[in-house]
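Source file: my_file32.cif; contents: mmCIF, C-alpha atoms.
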data_model
#
loop_
_atom_site.label_atom_id
_atom_site.label_comp_id
_atom_site.auth_asym_id
_atom_site.auth_seq_id
_atom_site.Cartn_x
_atom_site.Cartn_y
_atom_site.Cartn_z
CA ALA U 1 -37.73 -4.16 20.12
CA PRO U 2 -40.81 -2.41 21.59
CA ASP U 3 -42.42 -5.64 22.80
CA TRP U 4 -39.15 -7.24 23.87
CA ARG U 5 -39.13 -9.26 27.07
CA VAL U 6 -35.74 -9.92 28.65
CA PRO U 7 -35.14 -13.69 28.99
CA VAL U 8 -35.24 -14.77 32.60
CA ILE U 9 -33.09 -17.74 33.64
CA GLY U 10 -33.36 -19.20 37.11
CA GLY U 11 -35.50 -16.26 38.25
CA LEU U 12 -32.96 -13.59 37.24
CA PRO U 13 -32.95 -11.57 33.99
CA ALA U 14 -30.12 -12.77 31.77
CA ASP U 15 -28.61 -9.30 31.34
CA ARG U 16 -28.34 -8.78 35.09
CA ARG U 17 -26.77 -12.21 35.55
CA LEU U 18 -24.16 -11.46 32.84
CA LEU U 19 -23.39 -7.99 34.16
CA GLY U 20 -23.13 -9.18 37.73
CA GLY U 21 -20.47 -11.72 36.79
CA ALA U 22 -18.75 -9.75 33.98
CA ARG U 23 -15.32 -9.53 35.57
CA GLU U 24 -15.41 -13.10 36.87
CA LEU U 25 -16.53 -14.30 33.45
CA ALA U 26 -13.82 -12.36 31.64
CA GLU U 27 -11.12 -13.91 33.83
CA ALA U 28 -12.65 -17.35 33.26
CA VAL U 29 -12.58 -16.82 29.50
CA ILE U 30 -8.87 -15.89 29.57
CA GLY U 31 -8.10 -18.80 31.88
CA THR U 32 -9.83 -21.20 29.51
CA LEU U 33 -7.98 -19.78 26.51
CA VAL U 34 -4.65 -20.30 28.25
CA GLU U 35 -5.64 -23.83 29.21
CA ARG U 36 -7.11 -24.97 25.89
CA VAL U 37 -5.33 -22.92 23.19
CA PRO U 38 -1.53 -23.32 23.41
CA VAL U 39 -0.66 -20.09 21.59
CA TYR U 40 -2.27 -18.02 24.34
CA ARG U 41 0.13 -19.50 26.89
CA ARG U 42 2.96 -17.73 25.06
CA LEU U 43 1.43 -14.26 25.41
CA PRO U 44 2.84 -11.79 27.95
CA ARG U 45 1.16 -11.91 31.36
CA GLU U 46 0.35 -8.19 31.24
CA GLN U 47 -1.45 -8.70 27.94
CA LEU U 48 -3.54 -11.56 29.31
CA ALA U 49 -4.43 -9.80 32.56
CA GLY U 50 -4.76 -6.40 30.90
CA GLU U 51 -5.84 -5.90 27.30
CA LEU U 52 -7.35 -9.34 26.68
CA THR U 53 -9.29 -9.43 29.97
CA ARG U 54 -10.65 -5.93 29.29
CA ASP U 55 -11.67 -6.98 25.77
CA ALA U 56 -13.42 -10.08 27.11
CA GLU U 57 -15.31 -8.03 29.69
CA ARG U 58 -16.39 -5.59 27.00
CA ARG U 59 -17.73 -8.48 24.88
CA ILE U 60 -19.69 -9.77 27.89
CA ARG U 61 -21.24 -6.37 28.51
CA ALA U 62 -22.19 -6.25 24.83
CA LEU U 63 -23.98 -9.61 25.28
CA ALA U 64 -25.82 -8.20 28.27
CA HIS U 65 -26.92 -5.22 26.16
CA THR U 66 -28.32 -7.59 23.54
CA ALA U 67 -30.14 -9.63 26.17
CA ARG U 68 -31.64 -6.46 27.68
CA THR U 69 -32.73 -4.81 24.40
CA GLY U 70 -33.21 -7.69 21.97
CA ARG U 71 -31.04 -5.76 19.52
CA PRO U 72 -27.50 -6.35 18.27
CA ALA U 73 -24.72 -4.63 20.17
CA PRO U 74 -23.80 -1.13 18.91
CA GLU U 75 -21.60 -0.99 15.83
CA ALA U 76 -18.74 0.37 17.94
CA GLU U 77 -18.52 -3.02 19.66
CA PHE U 78 -17.86 -4.84 16.41
CA THR U 79 -15.40 -2.15 15.34
CA ALA U 80 -13.52 -2.89 18.56
CA VAL U 81 -13.60 -6.63 17.74
CA ARG U 82 -12.20 -5.89 14.30
CA GLU U 83 -9.40 -3.70 15.66
CA ALA U 84 -8.46 -6.27 18.31
CA ALA U 85 -8.25 -9.01 15.67
CA ALA U 86 -6.01 -6.79 13.53
CA ARG U 87 -3.66 -6.42 16.50
CA ARG U 88 -3.58 -10.20 16.99
CA ALA U 89 -2.68 -10.58 13.29
CA GLU U 90 0.16 -8.07 13.65
CA GLU U 91 1.41 -9.99 16.69
CA GLY U 92 1.48 -13.23 14.71
CA LEU U 93 -1.35 -15.21 16.32
CA PRO U 94 -3.00 -17.70 13.92
CA LEU U 95 -6.50 -16.92 12.69
CA ASP U 96 -8.00 -20.13 14.08
CA ALA U 97 -6.87 -19.18 17.59
CA VAL U 98 -8.41 -15.70 17.25
CA LEU U 99 -11.77 -17.08 16.09
CA LEU U 100 -11.72 -19.90 18.64
CA ALA U 101 -11.44 -17.30 21.41
CA HIS U 102 -14.88 -15.94 20.47
CA HIS U 103 -16.44 -19.41 20.43
CA LEU U 104 -14.95 -20.38 23.78
CA GLY U 105 -16.00 -17.06 25.26
CA LEU U 106 -19.59 -17.60 24.18
CA GLU U 107 -19.54 -21.16 25.50
CA ILE U 108 -18.42 -19.98 28.94
CA CYS U 109 -21.01 -17.18 29.00
CA TRP U 110 -23.76 -19.63 28.08
CA GLU U 111 -22.77 -22.04 30.83
CA PHE U 112 -22.62 -19.20 33.36
CA ALA U 113 -25.96 -17.70 32.38
CA THR U 114 -27.81 -21.05 32.35
CA ARG U 115 -26.28 -22.91 35.29
CA HIS U 116 -29.30 -22.09 37.50
CA ALA U 117 -31.96 -22.69 34.84
CA LEU U 118 -35.33 -24.04 36.02
CA ALA U 119 -37.66 -26.49 34.33
CA GLY U 120 -39.93 -23.69 33.09
CA ASP U 121 -37.15 -21.66 31.45
CA ALA U 122 -37.08 -23.52 28.13
CA ALA U 123 -38.54 -20.70 26.03
CA ASP U 124 -36.21 -18.12 27.59
CA LEU U 125 -33.23 -20.45 27.10
CA LEU U 126 -34.05 -20.72 23.39
CA THR U 127 -34.35 -16.94 23.12
CA LEU U 128 -31.03 -16.38 24.86
CA ASN U 129 -29.36 -19.06 22.73
CA ARG U 130 -30.52 -17.34 19.55
CA LEU U 131 -29.25 -13.96 20.78
CA LEU U 132 -25.84 -15.33 21.67
CA LEU U 133 -25.48 -17.14 18.34
CA ASP U 134 -26.45 -13.96 16.46
CA GLN U 135 -23.85 -12.05 18.42
CA LEU U 136 -21.24 -14.74 17.75
CA ARG U 137 -21.92 -14.60 14.02
CA GLU U 138 -21.38 -10.84 13.93
CA ALA U 139 -18.31 -11.01 16.15
CA THR U 140 -16.56 -13.75 14.17
CA ALA U 141 -17.27 -11.93 10.91
CA ALA U 142 -15.75 -8.75 12.35
CA ALA U 143 -12.80 -10.67 13.75
CA GLY U 144 -12.10 -12.38 10.43
CA ALA U 145 -12.24 -9.08 8.55
CA GLY U 146 -10.04 -7.39 11.15
CA TYR U 147 -7.49 -10.19 11.00
CA LEU U 148 -7.21 -9.76 7.23
CA ASP U 149 -6.81 -5.99 7.77
CA GLY U 150 -3.90 -6.67 10.10
CA ARG U 151 -2.23 -9.00 7.62
CA ARG U 152 -2.75 -6.60 4.70
CA ARG U 153 -1.44 -3.46 6.38
CA PRO U 154 2.23 -3.93 5.49
CA THR U 155 1.37 -4.18 1.78
CA GLU U 156 -1.23 -1.42 1.52
CA HIS U 157 -0.62 1.00 -1.33
CA ARG U 158 -0.27 3.98 1.00
CA TYR U 159 2.24 2.17 3.19
CA ALA U 160 4.23 1.00 0.16
CA ALA U 161 4.26 4.50 -1.32
CA ARG U 162 5.53 6.02 1.94
CA GLN U 163 8.24 3.37 2.18
CA SER U 164 9.30 4.18 -1.39
CA LEU U 165 9.59 7.83 -0.40
CA LEU U 166 11.67 6.91 2.64
CA THR U 167 13.94 4.74 0.48
CA ALA U 168 14.45 7.55 -2.03
CA LEU U 169 15.28 10.06 0.70
CA LEU U 170 17.78 7.75 2.40
CA ALA U 171 19.39 6.91 -0.93
CA GLY U 172 19.75 10.59 -1.86
CA THR U 173 17.83 10.18 -5.12
CA PRO U 174 15.22 12.70 -6.33
CA ALA U 175 12.17 12.20 -4.12
CA GLU U 176 9.54 14.55 -5.57
CA ASP U 177 7.79 11.86 -7.63
CA ALA U 178 7.81 9.41 -4.73
CA ALA U 179 6.30 12.09 -2.49
CA THR U 180 3.55 12.73 -5.03
CA ARG U 181 2.72 9.01 -5.23
CA ALA U 182 2.52 8.94 -1.43
CA GLY U 183 0.16 11.92 -1.44
CA LEU U 184 2.71 14.07 0.39
CA ARG U 185 4.67 17.26 -0.21
CA LEU U 186 8.35 17.32 0.59
CA PRO U 187 8.97 19.59 3.59
CA ALA U 188 11.74 22.15 3.79
CA ALA U 189 13.56 19.92 6.26
CA TYR U 190 13.36 16.67 8.20
CA ALA U 191 14.43 15.74 11.68
CA VAL U 192 16.25 12.44 11.22
CA LEU U 193 16.20 10.13 14.23
CA CYS U 194 18.28 6.97 14.57
CA LEU U 195 16.67 4.81 17.27
CA SER U 196 17.94 2.07 19.53
CA VAL U 197 15.11 0.21 21.30
CA ALA U 198 15.88 -2.00 24.28
CA ASP U 199 14.15 -5.30 24.89
CA HIS U 200 10.84 -5.33 26.72
CA PRO U 201 10.97 -7.51 29.87
CA ASP U 202 8.41 -9.84 28.26
CA GLU U 203 10.95 -10.71 25.56
CA HIS U 204 12.92 -12.57 28.24
CA ALA U 205 10.04 -13.80 30.40
CA PRO U 206 9.73 -17.58 30.77
CA GLU U 207 6.97 -19.16 28.69
CA VAL U 208 6.34 -15.93 26.74
CA ASP U 209 6.93 -16.06 22.99
CA PRO U 210 9.68 -13.43 22.50
CA ALA U 211 8.61 -12.80 18.90
CA ILE U 212 5.06 -11.91 19.99
CA ALA U 213 6.38 -9.70 22.78
CA ALA U 214 8.71 -7.93 20.35
CA ARG U 215 5.94 -7.35 17.80
CA ARG U 216 3.66 -5.95 20.52
CA LYS U 217 6.43 -3.57 21.61
CA LEU U 218 7.05 -2.47 18.02
CA ARG U 219 3.33 -1.91 17.35
CA ARG U 220 2.96 0.28 20.42
CA LEU U 221 6.11 2.21 19.53
CA GLY U 222 4.93 2.88 15.98
CA ALA U 223 1.43 3.83 17.11
CA GLU U 224 2.79 6.41 19.56
CA LEU U 225 5.13 7.88 16.94
CA ASP U 226 2.17 8.16 14.55
CA HIS U 227 0.13 9.86 17.26
CA ARG U 228 2.89 12.30 18.24
CA THR U 229 3.72 13.26 14.65
CA ARG U 230 0.12 13.22 13.38
CA ARG U 231 1.03 10.34 11.06
CA SER U 232 3.50 12.54 9.20
CA ALA U 233 6.62 10.54 10.10
CA LEU U 234 8.30 8.11 7.76
CA TYR U 235 9.99 5.22 9.50
CA ALA U 236 11.65 1.86 9.05
CA LEU U 237 11.75 0.09 12.40
CA THR U 238 12.53 -3.31 13.80
CA SER U 239 12.10 -4.39 17.41
CA SER U 240 15.67 -3.19 18.12
CA GLY U 241 15.50 0.21 16.43
CA GLY U 242 15.70 1.93 13.06
CA LEU U 243 15.27 5.30 11.35
CA VAL U 244 12.50 7.90 11.64
CA LEU U 245 12.08 11.01 9.48
CA VAL U 246 9.82 13.71 10.91
CA PRO U 247 8.89 16.64 8.63
CA LEU U 248 9.77 20.06 10.03
CA THR U 249 7.44 22.93 9.23
CA PRO U 250 8.85 26.25 7.94
CA GLY U 251 10.89 27.91 10.66
CA GLN U 252 11.71 24.61 12.34
CA GLY U 253 14.45 23.47 10.01
CA GLY U 254 17.53 24.85 11.72
CA GLN U 255 20.33 22.59 10.56
CA ASP U 256 23.22 21.34 12.62
CA GLY U 257 26.47 22.90 11.54
CA GLN U 258 24.89 25.91 9.73
CA ASP U 259 27.41 28.49 8.61
CA GLY U 260 26.78 32.13 9.33
CA GLN U 261 25.89 33.73 12.63
CA ASP U 262 22.61 35.21 11.33
CA ALA U 263 21.42 31.87 9.93
CA HIS U 264 22.25 30.16 13.22
CA ARG U 265 20.37 32.83 15.17
CA ARG U 266 17.27 32.55 12.94
CA ALA U 267 17.09 28.77 13.27
CA ASP U 268 18.10 28.44 16.89
CA ALA U 269 15.03 29.66 18.81
CA PRO U 270 12.33 27.71 16.94
CA ALA U 271 14.58 24.68 16.59
CA GLU U 272 14.96 24.34 20.36
CA ALA U 273 11.20 24.14 20.81
CA THR U 274 11.04 21.58 18.01
CA TRP U 275 13.77 19.43 19.54
CA ALA U 276 12.00 19.59 22.89
CA HIS U 277 8.80 18.36 21.19
CA LEU U 278 10.69 15.53 19.48
CA ALA U 279 12.43 14.58 22.72
CA ALA U 280 9.00 14.36 24.38
CA ALA U 281 7.79 12.19 21.49
CA VAL U 282 10.72 9.80 21.94
CA THR U 283 10.05 9.61 25.69
CA ALA U 284 6.34 8.96 25.10
CA ALA U 285 7.11 6.29 22.49
CA ALA U 286 9.46 4.54 24.93
CA ARG U 287 6.79 4.63 27.62
CA ALA U 288 4.20 3.18 25.22
CA ALA U 289 6.62 0.46 24.10
CA GLY U 290 7.53 -0.39 27.67
CA ALA U 291 11.24 -0.30 26.83
CA PRO U 292 13.99 2.35 26.96
CA VAL U 293 14.66 4.17 23.68
CA GLN U 294 17.77 6.14 22.76
CA ALA U 295 17.80 8.35 19.68
CA GLY U 296 20.52 10.18 17.83
CA ALA U 297 19.12 13.15 15.93
CA ALA U 298 20.07 15.61 13.19
CA ALA U 299 18.17 17.98 10.90
CA ALA U 300 18.56 18.30 7.13
CA THR U 301 16.91 19.28 3.90
CA PRO U 302 15.48 16.36 1.88
CA ALA U 303 18.61 16.27 -0.29
CA GLU U 304 20.82 16.03 2.80
CA VAL U 305 18.92 13.21 4.51
CA PRO U 306 21.59 10.52 3.80
CA ALA U 307 24.31 12.56 5.53
CA ALA U 308 21.96 13.46 8.39
CA ALA U 309 21.02 9.80 8.87
CA ALA U 310 24.71 8.86 9.07
CA LEU U 311 25.34 11.65 11.59
CA ALA U 312 22.27 10.70 13.69
CA CYS U 313 23.48 7.11 13.88
CA GLU U 314 26.99 8.23 14.83
CA VAL U 315 25.54 10.41 17.59
CA LEU U 316 23.53 7.42 18.80
CA ASP U 317 26.67 5.27 18.83
CA VAL U 318 28.49 7.89 20.91
CA ALA U 319 25.57 8.25 23.33
CA ARG U 320 25.48 4.49 23.82
CA ALA U 321 29.24 4.14 24.17
CA PHE U 322 29.32 6.80 26.88
CA ASP U 323 26.30 5.43 28.76
CA ARG U 324 24.09 8.44 28.09
CA PRO U 325 20.55 7.98 29.43
CA PRO U 326 17.60 7.03 27.23
CA GLY U 327 16.09 9.88 25.24
CA LEU U 328 17.01 12.11 22.33
CA HIS U 329 20.61 13.23 21.79
CA ARG U 330 21.97 15.71 19.27
CA LEU U 331 25.53 16.42 18.20
CA ASP U 332 25.57 19.45 20.52
CA ASP U 333 24.89 17.10 23.45
CA VAL U 334 27.97 14.95 22.79
CA LEU U 335 30.42 17.32 21.11
CA LEU U 336 33.51 16.36 23.10
CA GLU U 337 32.73 12.65 23.07
CA TYR U 338 31.93 12.75 19.34
CA GLN U 339 35.20 14.48 18.52
CA LEU U 340 37.16 12.01 20.61
CA THR U 341 35.60 9.06 18.79
CA ARG U 342 37.23 10.26 15.55
CA PRO U 343 40.49 8.27 15.21
CA SER U 344 43.58 10.46 15.61
CA GLN U 345 46.97 10.54 17.26
CA ALA U 346 45.60 12.97 19.82
CA ARG U 347 42.89 10.53 20.87
CA ALA U 348 45.34 7.68 21.27
CA ARG U 349 47.74 9.84 23.31
CA LEU U 350 44.94 11.15 25.53
CA ALA U 351 43.76 7.61 26.22
CA ALA U 352 47.33 6.58 27.03
CA LEU U 353 47.47 9.09 29.89
CA LEU U 354 45.35 6.70 31.97
CA GLU U 355 47.28 3.57 31.06
CA PRO U 356 49.09 3.49 34.46
CA LEU U 357 45.70 2.97 36.14
CA VAL U 358 44.73 -0.10 34.12
CA ASP U 359 46.21 -2.62 36.55
CA GLY U 360 44.55 -0.95 39.51
CA GLY U 361 40.94 -1.25 38.42
CA GLU U 362 39.60 0.42 41.54
CA LEU U 363 41.60 3.56 40.78
CA LEU U 364 40.01 4.02 37.36
CA THR U 365 36.56 3.35 38.82
CA THR U 366 37.23 5.89 41.59
CA LEU U 367 38.35 8.47 39.04
CA ARG U 368 35.26 8.02 36.86
CA THR U 369 32.94 8.17 39.87
CA HIS U 370 34.70 11.24 41.26
CA LEU U 371 34.30 13.15 37.99
CA ALA U 372 30.69 12.03 37.50
CA GLY U 373 29.87 13.21 41.04
CA GLY U 374 31.17 16.73 40.51
CA LEU U 375 34.53 16.16 42.28
CA ASN U 376 32.77 15.76 45.64
CA ARG U 377 34.82 13.34 47.76
CA ARG U 378 31.89 12.55 50.08
CA HIS U 379 29.67 11.74 47.11
CA THR U 380 32.43 9.52 45.69
CA ALA U 381 32.86 7.77 49.05
CA SER U 382 29.12 7.17 49.36
CA ALA U 383 28.77 5.91 45.77
CA LEU U 384 31.64 3.44 46.22
CA HIS U 385 30.85 2.57 49.86
CA LEU U 386 34.26 3.84 50.99
CA HIS U 387 35.54 6.05 53.78
CA PRO U 388 36.35 9.59 52.53
CA ASN U 389 39.95 9.09 53.64
CA THR U 390 40.18 6.09 51.30
CA VAL U 391 38.98 8.30 48.45
CA ASP U 392 41.66 10.86 49.30
CA TYR U 393 44.32 8.14 49.28
CA ARG U 394 43.21 6.85 45.89
CA LEU U 395 43.15 10.35 44.38
CA ARG U 396 46.69 10.95 45.59
CA ARG U 397 47.74 7.59 44.13
CA ILE U 398 46.18 8.53 40.77
CA ALA U 399 48.17 11.78 40.77
CA VAL U 400 51.41 9.92 41.45
CA LEU U 401 50.84 7.33 38.71
CA THR U 402 49.56 9.63 35.96
CA GLY U 403 50.99 13.03 36.82
CA LEU U 404 47.42 14.38 36.68
CA ASP U 405 45.91 15.55 39.96
CA PRO U 406 42.10 15.16 40.15
CA THR U 407 41.98 17.80 42.89
CA GLN U 408 43.54 20.49 40.70
CA PRO U 409 41.19 22.34 38.27
CA ALA U 410 43.98 22.70 35.73
CA ASP U 411 44.24 18.90 35.39
CA VAL U 412 40.52 18.07 35.49
CA LEU U 413 39.91 18.98 31.83
CA ARG U 414 42.74 16.71 30.62
CA ILE U 415 41.53 13.90 32.86
CA THR U 416 37.98 14.28 31.52
CA ALA U 417 39.23 14.22 27.93
CA ALA U 418 41.48 11.22 28.69
CA ILE U 419 38.54 9.23 30.11
CA ALA U 420 36.40 10.13 27.09
CA ALA U 421 39.20 9.14 24.70
CA ARG U 422 39.74 5.84 26.51
CA THR U 423 36.00 5.07 26.42
CA ALA U 424 35.82 5.89 22.72
CA LYS U 425 38.87 3.78 21.95
CA GLN U 426 37.45 0.75 23.76
CA ALA U 427 33.86 1.11 22.58
CA THR U 428 32.56 -1.10 19.81
CA PRO U 429 29.54 0.84 18.47
CA ALA U 430 26.52 -1.35 17.70
CA ARG U 431 22.96 -0.60 16.64
#

Would you encode the structure as structure tokens?
Amino acid sequence: APDWRVPVIGGLPADRRLLGGARELAEAVIGTLVERVPVYRRLPREQLAGELTRDAERRIRALAHTARTGRPAPEAEFTAVREAAARRAEEGLPLDAVLLAHHLGLEICWEFATRHALAGDAADLLTLNRLLLDQLREATAAAGAGYLDGRRRPTEHRYAARQSLLTALLAGTPAEDAATRAGLRLPAAYAVLCLSVADHPDEHAPEVDPAIAARRKLRRLGAELDHRTRRSALYALTSSGGLVLVPLTPGQGGQDGQDGQDAHRRADAPAEATWAHLAAAVTAAARAAGAPVQAGAAAATPAEVPAAAALACEVLDVARAFDRPPGLHRLDDVLLEYQLTRPSQARARLAALLEPLVDGGELLTTLRTHLAGGLNRRHTASALHLHPNTVDYRLRRIAVLTGLDPTQPADVLRITAAIAARTAKQATPAR
């Protein structure tokens, strides 16, 4: 207001007092929440010290703005309050705890701003009290609306329509009508990703509610996938994984297993760039979630999505069984391992080649390490904390027991296949 006079408490303008102690105040607000509201004790430490402390400091700076100008905080501040409350709803916090946080925050700010009040500050105290109560009213209204937004999101019409489209595609039923209801056009092809999401450390942290930690992880994962795919992806995810369908634009839809050399050549170049982009999206989503993510992937036309989903999940199973690193894996990345996971007499007989090493566990470990290290005896010795001569002895022993010499190139391929077959035979795929 043009004739506005900033309230002065204890000889210092209220806005300067609030700004000067903003960080200290924010930490005090979070400390009080943890002490007085039990549900906040179950939140991850990084959330309390990070997101919630930053939000509290932003609210305090908004109060200082109001004290300095006599006007409500900018609309963006209440939009931020609304969005934060929606996140708390998605994480499962009760509404009363979310609203109580605003009341306790205001209480602490009032006590901080007025602790040095003088006898002649009564009029300024009343002015500041009115400003803070006005701000509280707006903030709690925004928080309540945001909380309802967060609770409604899973049942929004758009969300439901997209889930119906995903269901139709996975079931192999005609999906054109479902796409129309979702306001989408069916693409020429989809990249189908089958995800496995590891636990976030907070899900096992003492005194942290694992359900809240898992929902936070899932929200961040979904938000990053939306960002990376421009909200075009369809997905059904839980905190441990699920399926994602990403539309491929014309020229991107090279399908795995295409017949015909010309068709393969046309699809191959653009498809590689697309897979690289999707691999980067999976990596970014894992980083946002704070947990490793593995993905099996395949491409297909809309009608072929069910088969592609089955293949993507099989590729994921193989990648997990063979301890492949987090990230995106296609059939081409695990061809040998995939083939050896198909039950056959050949697989069983290959696996049996290593049976003589079962009783000598260190021999099998040495063999695996030696192959993984590129057949470098010094690397094997270093990895196993052995003398190189000990490695040589074990390799000779393996040759005697199995008839396969790890130092001879002609035998290395059979040994590699035998290890893969044994791993596949023993693995129990799980998603």

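With all atoms listed in the file as the basis for measurement, U:Ala383 is the residue among U:Ala383, U:Leu328, U:Val246, U:Ala76 that approaches His370 of chain U most closely.
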
message: I'd like the contact shell of segment 7-13 of chain U - 9 Å cut-off, only C-alpha atoms, skipping same-chain residues fewer than 5 positions apart - returned as a ChimeraX atom specification.
response: /U:18,67-68,113-125,127-128

query: Near Leu63 of chain U, within 9 Å and counting all atoms listed in the file, which residues show up once chain neighbours fewer than 5 positions away are dropped, as a count of residues only?
result: 10

query: Where does the PyMOL selection byres ((chain U and resi 207) around 6) land in this file, that is, which residues does it pick, as an MDAnalysis selection string?
result: chainID U and resid 42 206 208

message: When you count all atoms listed in the file, which of these residues is closest to Pro326 of chain U: U:Leu364, U:Arg215, U:Ala307, U:Val282?
response: U:Val282

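Shortest atom-to-atom contact with Arg185 of chain U among U:Arg130, U:Arg219, U:Arg228, U:Arg162: U:Arg162, counting only C-alpha atoms.
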
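Of the listed residues (U:Val412, U:Ala175, U:Leu165, U:Val315), U:Val412 comes nearest to Leu375 of chain U; the distances count all atoms listed in the file.
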
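With distances restricted to only C-alpha atoms, U:Tyr235 is the closest residue to Thr167 of chain U from U:Tyr235, U:Trp4, U:Tyr40, U:Tyr338.
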
Shell around segment 82-98 of chain U at 8 Å using all atoms listed in the file, local window under 4 positions removed, as number ranges by chain: U: 37, 39, 78, 102, 142-151, 212-213, 215-216, 219

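Proximity to Leu316 of chain U was assessed for U:Cys194, U:Leu395, U:Ala288, U:Leu335 counting all atoms listed in the file; the smallest distance is recorded for U:Cys194.
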
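In this structure, atom CA of Arg5 of chain U sits 24.0 Å away from atom CA of Glu57 of chain U.
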
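Between atom CA of Ala399 of chain U and atom CA of Thr380 of chain U the separation is 16.6 Å.
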
Return the padded bounding box of segment 284-300 of chain U as AutoDock Vina command-line options: axis-aligned, built from all atoms listed in the file, 8 Å added on each side, with centre and edge lengths in Å to one decimal.
--center_x 12.4 --center_y 9.0 --center_z 17.4 --size_x 32.3 --size_y 34.7 --size_z 36.5

- request: Could you give me, as an NGL selection string, the residues within 12 Å of Leu221 of chain U, counting only C-alpha atoms and dropping anything in the same chain fewer than 6 positions from it?
  value: :U and (195-198 or 200 or 214-215 or 227-228 or 235-242 or 244 or 281-293)

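Pairwise distance (atom CA of Arg152 of chain U, atom CA of Pro302 of chain U) equals 29.5 Å.
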
- request: Find the residues near Thr249 of chain U: any atom within 8 Å, counting all atoms listed in the file, skip ones fewer than 5 places away on the same chain, and give them as a ChimeraX atom specification.
  value: /U:187-189
